[in-house]
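Here is the structure we will look at, set down as structure tokens.
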Amino acid sequence: MSDKFFFKGRKTPKPKHESYGYNTKREVKVGTAENPLQLLVQTAEREAEVNQLLADNQLVGVITVDAEQAEDIVLLEGLLNKPQTTRFEKTPNRNEPCVCGSGKKYKKCCG
């Protein structure tokens, strides 16, 4: 007989990682062994500096030395200079002491 009349549910069990939200289609992080940074510098001295930067930040990169072309280390600078999240101080609740130091409640003083 056919399963469609008597069986309710999946014929093949659902894999666990799908139900737990595991990301199976993630991209490989730039700067790792699987996806190294592609960098271009003009001199051997600059190559040594960039190698030191890579070693200090535990990144992997392929450095090409070519005096004919302009230097291209944009990917490395982007990884090193990530923007920081702006955080603001929480304003006090109405019945907490005022931040100005007057000793009054916030709602009576500065609120």
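By convention in this document, the chains of the structure tokens carry letters A, B, ... by their order, each chain's residues are numbered from 1, and ligands are numbered from 1 in the order they are shown.
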Neighbours of segment 29-35 of chain A within 7 Å (only C-alpha atoms; same-chain residues fewer than 3 positions away dropped), as a list in words?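 Contacts, with the query itself left out: Leu59, Val60 and Gly61 of chain A.
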Quick one: residues within 10 Å of segment 66-74 of chain A, only C-alpha atoms counted, chain neighbours fewer than 2 positions away excluded, as a list in words? Leu37, Gln38, Leu39, Leu40, Val41, Gln42, Thr43, Ala44, Arg46, Val50, Ile63, Thr64, Leu76, Glu77, Gly78, Leu79 and Leu80 of chain A
Using only C-alpha atoms, which residue out of A:Cys98, A:Ala55, A:Val62, A:Leu75 lies closest to Cys110 of chain A?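 For Cys110 of chain A, the nearest of the candidates is A:Cys98.
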Coordinates-based distance that separates atom CA of Arg94 of chain A from atom CA of Tyr106 of chain A (Å, one decimal): 5.4 Å
